[in-house]
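One structure below.
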Amino acid sequence: MREIAAQTITETVARLCEEANYHLGEDVLKALRKARDTEKSPLGRRALQRVLQNAAVATQDEVPLCQDTGIVIVYLDVGQDAHVSGGDINEAVQEGVRRGYRNGYLRKSIVASPFSTRLNTNDNTPAVVHIEIVPGENIRIRVMPKGGGSENTSRLTVLRPDDGRQGIIDFVAEVVSEVGVNSCPPLIVGVGIGGTAGRTMVLAKKALLRKVCEPNPDPEVAQLEKDILDRVNELGLGPVGFGGTNTALSVHAEVYPCHISALPVAVNLQCHCARVKEEVL
């Protein structure tokens with residue numbers, strides 16, 4: 001059994017919160033550069049160049065990429081042979097978020113009592129924490145600040161089984177057509193397929209953790225991702241909604257077995273400011 005101090009988790013989460021808000025991943029930057037170089041719309045190309053300039057300034061000056069520094073989603077893959085000592089693992093994460101948002105001067109966007117007083121918690125907690133037990137003795141921490149503009153466009157449906165593959169493509173395209181501009185394209189489109197209504201929503205968001213433009217390892221799912229991406233880019237919303245050929249950078253789908261009577265499908269969009277940082281303890 002390997003001991004990992006709760007304090008180490010707190011310090012790591014705090015640092016990842018700041019890094020995620022200041023520095024776009026190289027995978028995202030590479031995809032944005034490719035989109036800029038292939039975009040057919042002059043206005044779309046200019047918009048993408050501004051997006052890249054913004055990312056460069058954020059990195060240089062260590063200021064937020066976007067004023068909406070998001071609700072923090074934290075994924076913990078906890079090795080079954082790891083033991084957290086000196087505190088509760090969930091509270092260690094929450095304290096990390098508090099410190100990161102305080103020390104990084106990041107906007108606090110979380111309100112308690114969401115249907116009544118909506119009072120700001122003033123420290124951007126609580127974060128949404130997903131814990132999965134995995135083999136090994138390490139803890140993998142992934143931090144995703146998720147902006148309201150993209151999160152508010154999430155959609156869920158339960159298709160008929162005979163709607164099949166084409167039904168999934170049509171649903172995703174319909175969602176992006178309806179709400180995509182509000183999510184600051186070019187997008188990363190997370191798609192969950194199967195499981196239950198709750199499970200497929202989790203899959204759609206978790207799909208956004210994958211490196212941009214990295215296909216699903218299952219060839220059948222990878223082909224579905226490509227076909228959805230082609231359909232979405234045919235919509236012509238373009239960069240920042242100004243029109244063009246790059247409405248989405250990538251589509252990431254995750255699949256889980258489901259009941260014989262249903263085909264749950266969820267969409268979770270991520271804006272071009274796709275902020276994910278991780279570390280393995």
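Ordering of the structure tokens sets the chain letters (A, B, ...); residue numbers start at 1 within each chain; ligands are numbered from 1 in the order shown.
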
Using only C-alpha atoms, find each residue of region 15-110 of chain A with at least one atom at most 10 Å away from an atom of region 176-189 of chain A; report its shortest atom-to-atom pair and that distance in Å (one decimal), sort the rows by chain and rising residue number, and return the result as CSV.
```
residue,atom,partner,partner_atom,distance
A:Val28,CA,A:Ile188,CA,9.5
A:Ala31,CA,A:Pro186,CA,9.8
A:Leu32,CA,A:Pro186,CA,8.2
A:Ala35,CA,A:Pro186,CA,8.5
A:Gly44,CA,A:Pro186,CA,9.9
A:Leu48,CA,A:Pro186,CA,8.7
```

Once you count only C-alpha atoms, what closest atom pair and distance in Å to one decimal does each residue of region 48-134 of chain A within 10 Å of region 206-215 of chain A have, with rows by chain and rising residue number, as a Markdown table?
```
| residue | atom | partner | partner_atom | distance |
| --- | --- | --- | --- | --- |
| A:Ile73 | CA | A:Lys206 | CA | 9.8 |
| A:Tyr75 | CA | A:Lys206 | CA | 8.7 |
| A:His130 | CA | A:Lys206 | CA | 9.8 |
```

TODO: Would you kindly return, as JSON, numbers by chain, each protein, DNA or RNA residue with an atom no farther than 6 Å from any atom of Asn124 (chain A), considering only C-alpha atoms and excluding same-chain residues fewer than 4 positions away?
DONE: {"A": [108, 109, 110]}

Considering only C-alpha atoms, return as a PDB file with C-alpha atoms, in the first residue's frame whatever protein or nucleic-acid residues lie within 9 Å of Leu43 (chain A), sequence-local ones (same chain, fewer than 5 positions apart) excluded.
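selection-v8.pdb was written with the following content:
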```pdb
ATOM      1  CA  LEU A  48      -8.827  32.056 -35.239  1.00  0.00           C
ATOM      2  CA  PRO A 239     -15.039  30.185 -35.853  1.00  0.00           C
ATOM      3  CA  PHE A 242     -18.703  34.207 -37.925  1.00  0.00           C
ATOM      4  CA  GLY A 243     -19.239  31.587 -40.598  1.00  0.00           C
ATOM      5  CA  GLY A 244     -16.765  29.168 -42.119  1.00  0.00           C
TER       6      GLY A 244
END
```

Open item on the list: I'd like the neighbourhood of Thr59 (chain A) as JSON, numbers by chain, where a residue qualifies if any of its atoms comes within 12 Å (using only C-alpha atoms), though same-chain residues fewer than 2 positions away should be ignored.
Closed with: {"A": [18, 19, 20, 21, 22, 23, 24, 25, 26, 29, 52, 53, 54, 55, 56, 57, 61, 62, 63, 64, 65, 66]}

TODO: Excluding Ala222 (chain A) and any residue of its chain fewer than 5 positions from it, enumerate the residues within 9 Å of it, using only C-alpha atoms, and give them as a ChimeraX atom specification.
DONE: /A:215-217,227,252-253

Would you write out those residues with N, CA and C atoms, as a tab-separated table (two decimals), in the first residue's frame?
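So the final result, stored in out-v4.tsv, reads:
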```
chain	number	residue	atom	x	y	z
A	215	PRO	N	-8.46	10.05	-31.98
A	215	PRO	CA	-9.67	9.27	-32.19
A	215	PRO	C	-9.88	8.19	-31.12
A	216	ASN	N	-11.11	7.77	-30.99
A	216	ASN	CA	-11.42	6.63	-30.12
A	216	ASN	C	-10.65	5.41	-30.63
A	217	PRO	N	-10.09	4.59	-29.72
A	217	PRO	CA	-9.31	3.43	-30.17
A	217	PRO	C	-10.13	2.37	-30.89
A	227	ASP	N	-17.52	11.00	-39.01
A	227	ASP	CA	-18.74	11.32	-39.75
A	227	ASP	C	-19.54	12.43	-39.05
A	252	HIS	N	-15.35	13.73	-29.95
A	252	HIS	CA	-14.90	12.63	-29.10
A	252	HIS	C	-16.13	11.89	-28.58
A	253	ALA	N	-16.25	10.62	-28.91
A	253	ALA	CA	-17.39	9.82	-28.47
A	253	ALA	C	-16.92	8.70	-27.55
```

Open item on the list: What's the separation between CA of His272 (chain A) and CA of Glu254 (chain A), in Å to one decimal place?
Closed with: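 It comes out at 20.1 Å.
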
- [ ] Check the DSSP output for the backbone and give back, as a ChimeraX atom specification, the residues of region 94-220 of chain A in strand (DSSP E).
- [x] /A:111-112,119-120,128-134,139-146,155-159,187-195

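Nearest to Arg275 (chain A) of all the residues A:Gly86, A:Pro42, A:Gly164, A:Gly70 is A:Gly70, based on only C-alpha atoms.
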